[in-house]
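This is run.cif (mmCIF, C-alpha atoms).
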```
data_data
#
loop_
_atom_site.label_atom_id
_atom_site.label_comp_id
_atom_site.auth_asym_id
_atom_site.auth_seq_id
_atom_site.Cartn_x
_atom_site.Cartn_y
_atom_site.Cartn_z
CA MET A 618 -8.68 6.69 44.07
CA SER A 619 -5.79 8.15 42.15
CA LEU A 620 -5.81 5.12 39.86
CA THR A 621 -9.51 5.63 39.15
CA GLU A 622 -8.99 9.32 38.40
CA GLU A 623 -6.05 8.59 36.15
CA THR A 624 -8.01 5.96 34.22
CA PHE A 625 -10.85 8.41 33.78
CA GLN A 626 -8.52 11.17 32.61
CA THR A 627 -6.84 8.89 30.10
CA SER A 628 -10.06 7.58 28.67
CA ARG A 629 -11.52 11.08 28.50
CA SER A 630 -8.60 12.48 26.53
CA ASP A 631 -8.84 9.49 24.23
CA LEU A 632 -12.52 10.05 23.65
CA VAL A 633 -12.92 13.82 23.50
CA SER A 634 -11.25 15.62 20.64
CA ASN A 635 -9.61 18.87 21.54
CA ALA A 636 -8.89 19.71 17.92
CA ASP A 637 -9.89 22.95 16.29
CA VAL A 638 -10.32 23.43 12.55
CA VAL A 639 -7.01 25.27 12.35
CA ASP A 640 -5.23 22.21 13.79
CA PHE A 641 -6.43 20.07 10.89
CA TRP A 642 -5.31 22.83 8.51
CA GLN A 643 -1.84 22.69 10.11
CA LEU A 644 -1.76 18.91 9.62
CA LEU A 645 -1.76 19.61 5.88
CA LYS A 646 1.60 21.45 6.09
CA PRO A 647 0.20 24.45 4.18
CA ARG A 648 3.59 25.97 3.34
CA VAL A 649 4.82 22.74 1.73
CA MET A 650 1.43 22.42 0.04
CA SER A 651 1.74 25.88 -1.53
CA LEU A 652 5.06 24.95 -3.19
CA VAL A 653 3.57 21.65 -4.39
CA VAL A 654 0.56 23.45 -5.90
CA PHE A 655 2.83 26.00 -7.55
CA THR A 656 5.13 23.43 -9.19
CA GLY A 657 2.11 21.31 -10.17
CA LEU A 658 0.55 24.38 -11.82
CA VAL A 659 3.75 25.02 -13.79
CA GLY A 660 3.67 21.41 -15.03
CA MET A 661 0.07 21.93 -16.19
CA VAL A 662 0.71 25.26 -17.91
CA LEU A 663 3.82 24.00 -19.74
CA ALA A 664 2.01 20.89 -20.99
CA PRO A 665 0.80 20.96 -24.58
CA GLY A 666 -2.93 20.66 -25.00
CA THR A 667 -5.85 21.98 -23.06
CA LEU A 668 -7.84 21.00 -20.02
CA HIS A 669 -11.19 22.53 -19.07
CA PRO A 670 -10.46 25.28 -16.48
CA VAL A 671 -12.71 23.65 -13.88
CA LEU A 672 -11.04 20.26 -14.38
CA ALA A 673 -7.65 21.97 -14.16
CA ALA A 674 -8.74 23.52 -10.86
CA VAL A 675 -9.94 20.11 -9.66
CA ALA A 676 -6.57 18.59 -10.63
CA LEU A 677 -4.72 21.27 -8.67
CA LEU A 678 -7.04 20.83 -5.70
CA CYS A 679 -6.41 17.06 -5.74
CA ILE A 680 -2.64 17.58 -5.94
CA ALA A 681 -2.87 20.01 -3.01
CA VAL A 682 -5.06 17.71 -0.91
CA GLY A 683 -2.90 14.68 -1.74
CA ALA A 684 0.19 16.61 -0.61
CA GLY A 685 -1.66 17.71 2.53
CA ALA A 686 -2.69 14.11 3.22
CA SER A 687 0.97 13.07 3.01
CA GLY A 688 1.78 15.80 5.53
CA ALA A 689 -0.93 14.60 7.91
CA LEU A 690 0.26 10.98 7.69
CA ASN A 691 3.85 12.15 8.20
CA MET A 692 2.81 14.05 11.35
CA TRP A 693 0.90 11.02 12.61
CA TYR A 694 3.90 8.70 12.20
CA ASP A 695 6.58 11.17 13.26
CA ALA A 696 4.84 12.53 16.38
CA ASP A 697 7.57 11.04 18.62
CA ILE A 698 10.33 12.76 16.63
CA ASP A 699 8.38 16.01 16.28
CA ALA A 700 7.85 16.18 20.05
CA VAL A 701 11.59 16.47 20.77
CA MET A 702 12.47 18.87 17.97
CA ARG A 703 12.14 22.60 18.65
CA ARG A 704 10.97 23.32 15.08
CA THR A 705 8.13 20.79 15.23
CA ALA A 706 7.20 20.41 18.90
CA ARG A 707 4.16 22.67 18.52
CA ARG A 708 2.65 20.65 15.69
CA PRO A 709 -0.92 19.49 16.45
CA VAL A 710 -0.18 15.83 17.31
CA PRO A 711 2.88 16.23 19.60
CA ALA A 712 1.22 19.26 21.23
CA GLY A 713 -1.77 17.03 22.05
CA ARG A 714 -4.37 19.08 20.18
CA VAL A 715 -5.08 16.32 17.65
CA LEU A 716 -5.23 12.66 18.62
CA PRO A 717 -2.92 10.35 16.62
CA GLY A 718 -5.94 8.38 15.43
CA GLU A 719 -7.58 11.57 14.17
CA ALA A 720 -4.48 12.52 12.18
CA LEU A 721 -4.28 9.00 10.72
CA ALA A 722 -7.94 8.91 9.71
CA PHE A 723 -7.72 12.44 8.32
CA GLY A 724 -4.63 11.59 6.22
CA LEU A 725 -6.01 8.29 4.91
CA SER A 726 -9.40 9.82 4.01
CA LEU A 727 -7.85 12.74 2.16
CA SER A 728 -5.44 10.40 0.33
CA ALA A 729 -8.29 8.19 -0.87
CA PHE A 730 -10.52 11.12 -1.86
CA SER A 731 -7.80 13.08 -3.68
CA VAL A 732 -6.65 10.07 -5.73
CA ALA A 733 -10.18 8.89 -6.54
CA ILE A 734 -11.43 12.33 -7.57
CA LEU A 735 -8.33 13.04 -9.70
CA GLY A 736 -8.85 9.68 -11.44
CA ILE A 737 -12.56 10.17 -12.06
CA ALA A 738 -12.42 13.85 -13.02
CA VAL A 739 -9.11 14.05 -14.88
CA ASN A 740 -7.29 10.80 -15.71
CA TRP A 741 -5.98 7.69 -14.00
CA LEU A 742 -2.32 8.17 -14.90
CA ALA A 743 -2.27 11.44 -12.94
CA ALA A 744 -4.20 9.72 -10.13
CA GLY A 745 -1.73 6.82 -10.11
CA LEU A 746 1.20 9.23 -9.92
CA LEU A 747 -0.48 11.07 -7.04
CA ALA A 748 -1.07 7.77 -5.21
CA PHE A 749 2.58 6.81 -5.79
CA THR A 750 3.72 10.22 -4.47
CA ILE A 751 1.72 9.80 -1.26
CA PHE A 752 2.95 6.21 -0.84
CA PHE A 753 6.56 7.20 -1.49
CA TYR A 754 6.48 10.13 0.94
CA VAL A 755 4.73 8.25 3.74
CA ALA A 756 5.92 4.64 3.44
CA VAL A 757 9.32 4.98 1.75
CA TYR A 758 10.54 8.32 3.13
CA THR A 759 8.75 8.79 6.47
CA MET A 760 8.51 5.21 7.70
CA TRP A 761 11.73 3.81 6.25
CA LEU A 762 14.44 6.16 4.98
CA LYS A 763 14.09 9.09 7.40
CA ARG A 764 15.20 7.17 10.48
CA TRP A 765 17.57 4.81 8.68
CA THR A 766 19.99 6.59 6.36
CA ALA A 767 21.66 9.96 5.86
CA GLN A 768 20.54 9.67 2.22
CA ASN A 769 16.93 9.98 3.47
CA ILE A 770 16.10 13.26 1.78
CA VAL A 771 18.16 12.45 -1.33
CA ILE A 772 15.89 9.51 -2.19
CA GLY A 773 12.81 10.88 -0.42
CA GLY A 774 13.11 14.06 -2.49
CA ALA A 775 11.48 12.15 -5.35
CA ALA A 776 8.10 12.58 -3.65
CA GLY A 777 8.40 16.36 -3.58
CA ALA A 778 9.64 16.38 -7.18
CA LEU A 779 6.64 14.58 -8.67
CA PRO A 780 3.92 17.33 -8.61
CA PRO A 781 4.95 18.95 -11.95
CA VAL A 782 4.85 15.45 -13.50
CA ILE A 783 1.33 14.96 -12.10
CA GLY A 784 0.34 18.40 -13.46
CA TRP A 785 1.72 17.51 -16.89
CA ALA A 786 0.03 14.09 -16.87
CA SER A 787 -3.28 15.74 -15.91
CA VAL A 788 -3.27 17.71 -19.16
CA THR A 789 -1.62 15.28 -21.59
CA GLY A 790 -2.48 11.88 -20.14
CA GLY A 791 1.20 10.95 -20.52
CA VAL A 792 4.72 11.68 -19.33
CA SER A 793 7.57 12.92 -21.51
CA LEU A 794 11.02 14.51 -21.26
CA GLU A 795 9.83 17.98 -20.18
CA PRO A 796 8.17 17.01 -16.87
CA LEU A 797 11.09 14.69 -16.13
CA VAL A 798 13.46 17.66 -16.42
CA LEU A 799 11.23 19.58 -13.97
CA PHE A 800 11.30 16.50 -11.71
CA MET A 801 15.11 16.45 -11.83
CA ILE A 802 15.36 20.15 -10.95
CA ILE A 803 13.40 19.64 -7.71
CA PHE A 804 15.04 16.26 -7.05
CA LEU A 805 18.57 17.75 -7.19
CA TRP A 806 17.49 20.89 -5.33
CA THR A 807 16.13 18.96 -2.32
CA PRO A 808 19.42 17.72 -0.75
CA PRO A 809 21.25 21.10 -0.58
CA HIS A 810 18.01 22.74 0.61
CA PHE A 811 17.47 20.31 3.51
CA TRP A 812 21.16 19.96 4.36
CA ALA A 813 21.40 23.74 4.74
CA LEU A 814 18.48 23.46 7.20
CA ALA A 815 20.11 20.49 8.93
CA LEU A 816 23.33 22.49 9.40
CA PHE A 817 21.62 25.10 11.55
CA ARG A 818 19.11 22.66 13.15
CA ARG A 819 21.79 20.09 13.91
CA GLU A 820 20.95 19.74 17.63
CA ASP A 821 17.27 19.24 16.86
CA TYR A 822 17.96 16.30 14.56
CA ALA A 823 20.55 14.85 16.95
CA ARG A 824 18.05 14.97 19.84
CA ALA A 825 15.44 13.21 17.71
CA GLY A 826 17.95 10.63 16.45
CA VAL A 827 17.26 11.45 12.81
CA PRO A 828 20.38 10.60 10.76
CA MET A 829 20.71 13.84 8.80
CA MET A 830 23.94 14.33 6.85
CA PRO A 831 25.64 16.80 9.30
CA ASN A 832 24.99 14.43 12.21
CA ILE A 833 26.37 11.40 10.36
CA ALA A 834 29.09 12.68 8.02
CA GLY A 835 29.87 15.94 9.81
CA ASP A 836 29.44 19.59 8.85
CA ALA A 837 32.47 19.77 6.55
CA SER A 838 31.39 16.80 4.44
CA THR A 839 27.84 18.19 4.27
CA ARG A 840 29.12 21.56 3.06
CA ASN A 841 31.18 19.79 0.36
CA GLN A 842 28.15 17.82 -0.78
CA ILE A 843 26.04 20.99 -0.89
CA VAL A 844 28.60 22.48 -3.30
CA LEU A 845 28.51 19.33 -5.46
CA TYR A 846 24.70 19.40 -5.65
CA ALA A 847 24.69 23.14 -6.39
CA ILE A 848 27.03 22.44 -9.34
CA ALA A 849 25.00 19.40 -10.44
CA ILE A 850 21.70 21.29 -10.48
CA ALA A 851 23.00 24.11 -12.72
CA PRO A 852 22.93 22.26 -16.08
CA VAL A 853 19.59 20.66 -15.20
CA ALA A 854 18.13 24.05 -14.26
CA ILE A 855 19.19 25.46 -17.65
CA ALA A 856 17.94 22.33 -19.51
CA PRO A 857 14.36 23.63 -20.13
CA TRP A 858 15.87 26.39 -22.31
CA PHE A 859 18.33 23.94 -23.90
CA PHE A 860 15.54 21.52 -24.82
CA GLY A 861 13.40 24.35 -26.15
CA PHE A 862 10.47 24.34 -23.75
CA ALA A 863 11.57 27.55 -22.07
CA GLY A 864 12.66 30.83 -23.66
CA PRO A 865 15.83 32.92 -23.49
CA VAL A 866 14.62 34.88 -20.45
CA TYR A 867 14.43 31.63 -18.50
CA GLY A 868 17.83 30.60 -19.89
CA ILE A 869 19.47 33.79 -18.60
CA VAL A 870 17.64 33.84 -15.25
CA SER A 871 18.32 30.16 -14.53
CA ALA A 872 22.02 30.58 -15.39
CA LEU A 873 22.38 33.63 -13.12
CA LEU A 874 20.45 32.01 -10.26
CA SER A 875 22.49 28.81 -10.54
CA LEU A 876 25.75 30.76 -10.46
CA GLU A 877 24.55 32.57 -7.33
CA PHE A 878 23.53 29.25 -5.76
CA ILE A 879 27.02 27.84 -6.43
CA ARG A 880 28.65 31.06 -5.12
CA ARG A 881 26.71 30.86 -1.85
CA ALA A 882 27.43 27.14 -1.47
CA VAL A 883 31.15 27.74 -2.02
CA LYS A 884 31.04 30.63 0.47
CA LEU A 885 29.41 28.36 3.05
CA ARG A 886 32.13 25.80 2.45
CA SER A 887 34.97 28.32 2.67
CA LEU A 888 33.64 29.80 5.91
CA GLY A 889 34.10 26.42 7.58
CA ASP A 890 32.79 26.34 11.11
CA ALA A 891 33.10 30.10 11.46
CA ASP A 892 29.70 31.77 11.07
CA ASN A 893 28.35 28.48 9.79
CA TYR A 894 24.92 29.07 11.33
CA ARG A 895 24.21 32.34 9.55
CA ALA A 896 25.61 31.25 6.19
CA ALA A 897 23.63 27.99 6.29
CA LYS A 898 20.45 29.87 7.16
CA SER A 899 21.09 32.33 4.35
CA LEU A 900 21.67 29.49 1.85
CA PHE A 901 18.48 27.77 3.05
CA GLY A 902 16.50 30.97 2.41
CA PHE A 903 18.12 31.45 -0.99
CA SER A 904 17.37 27.87 -2.02
CA ILE A 905 13.65 28.54 -1.56
CA LEU A 906 13.90 31.72 -3.62
CA TYR A 907 15.94 29.85 -6.25
CA LEU A 908 13.33 27.16 -6.86
CA PHE A 909 10.47 29.64 -6.68
CA LEU A 910 12.05 31.98 -9.25
CA LEU A 911 12.95 29.16 -11.65
CA PHE A 912 9.36 27.93 -11.72
CA ALA A 913 7.90 31.46 -11.68
CA VAL A 914 9.86 32.43 -14.79
CA LEU A 915 8.84 29.16 -16.50
CA LEU A 916 5.22 29.95 -15.65
CA VAL A 917 5.28 33.59 -16.78
CA GLU A 918 7.04 32.72 -20.04
CA ALA A 919 4.61 29.91 -20.82
CA LEU A 920 1.62 32.15 -20.06
CA ALA A 921 3.08 34.97 -22.18
CA VAL A 922 3.56 32.59 -25.12
CA ARG A 923 -0.03 31.41 -24.78
CA ILE A 924 -1.42 34.94 -24.60
CA VAL A 925 0.64 36.17 -27.57
CA GLY A 926 -0.15 33.02 -29.55
CA ALA A 927 -3.90 33.27 -28.88
CA MET B 822 -24.40 5.67 35.67
CA ALA B 823 -24.92 9.34 34.86
CA ASP B 824 -21.53 10.11 36.40
CA GLU B 825 -19.87 8.06 33.64
CA LEU B 826 -21.13 10.40 30.94
CA ILE B 827 -18.53 12.75 29.58
CA ARG B 828 -19.66 16.35 29.70
CA LEU B 829 -17.97 18.62 27.20
CA THR B 830 -16.67 21.93 28.42
CA ASP B 831 -17.86 25.10 26.68
CA GLU B 832 -14.59 25.31 24.76
CA GLU B 833 -14.83 21.67 23.66
CA GLN B 834 -18.39 22.26 22.48
CA LYS B 835 -17.32 25.33 20.52
CA ARG B 836 -14.51 23.40 18.85
CA ARG B 837 -16.80 20.52 18.01
CA ARG B 838 -19.24 22.96 16.46
CA ARG B 839 -16.49 24.58 14.39
CA ARG B 840 -15.35 21.13 13.20
CA SER B 841 -18.92 20.24 12.25
CA VAL B 842 -19.40 23.49 10.31
CA ALA B 843 -16.11 22.92 8.45
CA LEU B 844 -17.10 19.35 7.61
CA GLY B 845 -20.50 20.55 6.39
CA LEU B 846 -18.89 23.15 4.15
CA ILE B 847 -16.49 20.54 2.73
CA LEU B 848 -19.39 18.18 1.97
CA ALA B 849 -21.31 21.01 0.28
CA GLY B 850 -18.18 21.79 -1.74
CA LEU B 851 -17.91 18.15 -2.79
CA VAL B 852 -21.55 18.17 -3.96
CA LEU B 853 -20.82 21.24 -6.11
CA LEU B 854 -17.58 19.71 -7.38
CA PHE B 855 -19.22 16.43 -8.42
CA TYR B 856 -22.06 18.36 -10.09
CA LEU B 857 -19.65 20.54 -12.11
CA VAL B 858 -17.41 17.61 -13.09
CA THR B 859 -20.43 15.60 -14.23
CA ILE B 860 -21.75 18.45 -16.39
CA ILE B 861 -18.30 19.15 -17.88
CA LYS B 862 -17.45 15.50 -18.54
CA LEU B 863 -20.81 14.62 -20.06
CA GLY B 864 -21.49 18.01 -21.65
CA PRO B 865 -24.67 18.06 -23.73
CA GLY B 866 -24.78 14.27 -23.37
CA VAL B 867 -26.10 14.71 -19.83
CA VAL B 868 -29.64 15.02 -21.24
CA ASP B 869 -29.06 12.66 -24.16
CA ARG B 870 -29.43 9.25 -22.58
CA PRO B 871 -31.69 6.23 -23.17
CA LEU B 872 -34.70 6.16 -20.89
#
```
Entire entry expressed as structure tokens:
Amino acid sequence: MSLTEETFQTSRSDLVSNADVVDFWQLLKPRVMSLVVFTGLVGMVLAPGTLHPVLAAVALLCIAVGAGASGALNMWYDADIDAVMRRTARRPVPAGRVLPGEALAFGLSLSAFSVAILGIAVNWLAAGLLAFTIFFYVAVYTMWLKRWTAQNIVIGGAAGALPPVIGWASVTGGVSLEPLVLFMIIFLWTPPHFWALALFRREDYARAGVPMMPNIAGDASTRNQIVLYAIAIAPVAIAPWFFGFAGPVYGIVSALLSLEFIRRAVKLRSLGDADNYRAAKSLFGFSILYLFLLFAVLLVEALAVRIVGA
Amino acid sequence: MADELIRLTDEEQKRRRRRSVALGLILAGLVLLFYLVTIIKLGPGVVDRPL
């Protein structure tokens, strides 16, 4: 009797979706998506040339949906890890609101649609870059690097760094030095950003068995590496002004922000284990502001130049 | 045989309806998107084609 009931219960939960629309929205990782759209937009605005406003909007939509599809596929594959981490346990798949198969189908459909529409409506280089980004995030980062090496987010960061390159390619049909500099800014920003998070979410990652840097190399080594990356990103952050595709305002702002980033990283290092939690959390918050402000100033300057030049 | 049918609860029916409405809106959006892209890509050429 109990066996029969259990069989029925299992098959019912497999057959009846309990998902609400908001659950599918959460599968897209909207907060990550907003940063991707923003950096993609900056790549488009900085690019020389013009793109019809509707096609530009379509390109941004495709970049957003492609990023969301990556998030959905990541949540499908990582449901076992997400379930044991406090930060992610309430995500739709581990919480049981969305079936794994639903998340997989949702992610694959959105991937195919976003790449195909970007290719048809805009150009196939941008579409190819979007397809590569999704592949890199899902297959290389999520399925391979994340559970295998402490360098997971160092290499995996390439996926998150590609949106400005896609934005640039959407307008120009090519790739040049400028979008590669933008790529490098995000690429070098990713490790200190995620390691700051990993410092104050250490137990979460340990429970899930994800080899983040603090769990493998220890907190002290992680803090040292955060300082090194904060120093390494400074010249790259100033490079848009140096290469002439950003103005003096960006030059000054990026220099000041980079100095503050280094100062906070050094402070985190000097604190050692004392008050590590709060300092790491504060650095994590600042790293988001840092990247946002760099790209916001790039955007405002580029728009101002266009308006004055028009 | 009738016992084997799965009956949705009120909440499940509401959620299914909301999913259907969302899917319908997305499909309508795609129709509009394809229409706009076609007009923009072809421009005046949309009416200038061999019959």
So that I can check the surroundings of range 848-859 of chain A, please list as a JSON list (two decimals) with C-alpha atoms, in the frame of the given file every protein, DNA and RNA residue that reaches within 9 Å of it, counting all atoms listed in the file and ignoring chain neighbours fewer than 5 positions away.
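Writing the result to result.json gives the following:
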```json
[["chain", "number", "residue", "atom", "x", "y", "z"],
["A", 795, "GLU", "CA", 9.83, 17.98, -20.18],
["A", 798, "VAL", "CA", 13.46, 17.66, -16.42],
["A", 799, "LEU", "CA", 11.23, 19.58, -13.97],
["A", 801, "MET", "CA", 15.11, 16.45, -11.83],
["A", 802, "ILE", "CA", 15.36, 20.15, -10.95],
["A", 803, "ILE", "CA", 13.40, 19.64, -7.71],
["A", 805, "LEU", "CA", 18.57, 17.75, -7.19],
["A", 806, "TRP", "CA", 17.49, 20.89, -5.33],
["A", 843, "ILE", "CA", 26.04, 20.99, -0.89],
["A", 864, "GLY", "CA", 12.66, 30.83, -23.66],
["A", 865, "PRO", "CA", 15.83, 32.92, -23.49],
["A", 866, "VAL", "CA", 14.62, 34.88, -20.45],
["A", 867, "TYR", "CA", 14.43, 31.63, -18.50],
["A", 868, "GLY", "CA", 17.83, 30.60, -19.89],
["A", 869, "ILE", "CA", 19.47, 33.79, -18.60],
["A", 870, "VAL", "CA", 17.64, 33.84, -15.25],
["A", 871, "SER", "CA", 18.32, 30.16, -14.53],
["A", 872, "ALA", "CA", 22.02, 30.58, -15.39],
["A", 874, "LEU", "CA", 20.45, 32.01, -10.26],
["A", 875, "SER", "CA", 22.49, 28.81, -10.54],
["A", 876, "LEU", "CA", 25.75, 30.76, -10.46],
["A", 878, "PHE", "CA", 23.53, 29.25, -5.76],
["A", 879, "ILE", "CA", 27.02, 27.84, -6.43],
["A", 911, "LEU", "CA", 12.95, 29.16, -11.65],
["A", 915, "LEU", "CA", 8.84, 29.16, -16.50]]
```
Next item on the list: Determine the residue set returned by the PyMOL selection byres ((chain B and resi 856-866) around 10) for the present structure, and present it as number ranges by chain.
Entry: A: 669, 671-672, 675, 734, 737-739; B: 850-855, 867-870
Which protein, DNA or RNA residues have an atom at most 9 Å from (21.5, 21.3, 0.9), counting all atoms listed in the file? List them as a PDB file with C-alpha atoms, keeping the file's coordinate frame.
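Output file point04.pdb is given in full below:
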```pdb
ATOM      1  CA  TRP A 806      17.490  20.890  -5.330  1.00  0.00           C
ATOM      2  CA  THR A 807      16.130  18.960  -2.320  1.00  0.00           C
ATOM      3  CA  PRO A 808      19.420  17.720  -0.750  1.00  0.00           C
ATOM      4  CA  PRO A 809      21.250  21.100  -0.580  1.00  0.00           C
ATOM      5  CA  HIS A 810      18.010  22.740   0.610  1.00  0.00           C
ATOM      6  CA  PHE A 811      17.470  20.310   3.510  1.00  0.00           C
ATOM      7  CA  TRP A 812      21.160  19.960   4.360  1.00  0.00           C
ATOM      8  CA  ALA A 813      21.400  23.740   4.740  1.00  0.00           C
ATOM      9  CA  LEU A 814      18.480  23.460   7.200  1.00  0.00           C
ATOM     10  CA  ALA A 815      20.110  20.490   8.930  1.00  0.00           C
ATOM     11  CA  LEU A 816      23.330  22.490   9.400  1.00  0.00           C
ATOM     12  CA  THR A 839      27.840  18.190   4.270  1.00  0.00           C
ATOM     13  CA  ARG A 840      29.120  21.560   3.060  1.00  0.00           C
ATOM     14  CA  GLN A 842      28.150  17.820  -0.780  1.00  0.00           C
ATOM     15  CA  ILE A 843      26.040  20.990  -0.890  1.00  0.00           C
ATOM     16  CA  VAL A 844      28.600  22.480  -3.300  1.00  0.00           C
ATOM     17  CA  TYR A 846      24.700  19.400  -5.650  1.00  0.00           C
ATOM     18  CA  ALA A 847      24.690  23.140  -6.390  1.00  0.00           C
ATOM     19  CA  ALA A 882      27.430  27.140  -1.470  1.00  0.00           C
ATOM     20  CA  ALA A 897      23.630  27.990   6.290  1.00  0.00           C
ATOM     21  CA  LEU A 900      21.670  29.490   1.850  1.00  0.00           C
ATOM     22  CA  PHE A 901      18.480  27.770   3.050  1.00  0.00           C
ATOM     23  CA  SER A 904      17.370  27.870  -2.020  1.00  0.00           C
TER      24      SER A 904
END
```
Against chain A, which residues of chain B fall within 7 Å? For each one I want the closest pair of atoms and the distance in Å (one decimal), counting all atoms listed in the file, rows by chain and increasing residue number, as a tab-separated table.
```
residue	atom	partner	partner_atom	distance
B:Glu833	CA	A:Asn635	CA	6.3
B:Arg836	CA	A:Asp637	CA	5.3
B:Arg839	CA	A:Val638	CA	6.5
B:Arg840	CA	A:Val638	CA	5.6
B:Val858	CA	A:Ala738	CA	6.2
```
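Coordinates place CA of Ile833 in chain A at a distance of 10.2 Å from CA of Gln768 in chain A.
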Next item on the list: Using the chain letters and numbers from the file, give me the residues hit by the PyMOL selection byres ((chain A and resi 787) around 10), as a ChimeraX atom specification.
Entry: /A:657,660-661,664,667-668,672-673,676-677,735-736,738-744,746,781-786,788-792
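Residue nearest Phe730 in chain A within the list A:Ala700, A:Met829, A:Leu678, A:Leu920: A:Leu678 [criterion: smallest interatomic distance, only C-alpha atoms].
A straight line drawn from CA of Val917 in chain A to CA of Ala684 in chain A is 24.0 Å long.
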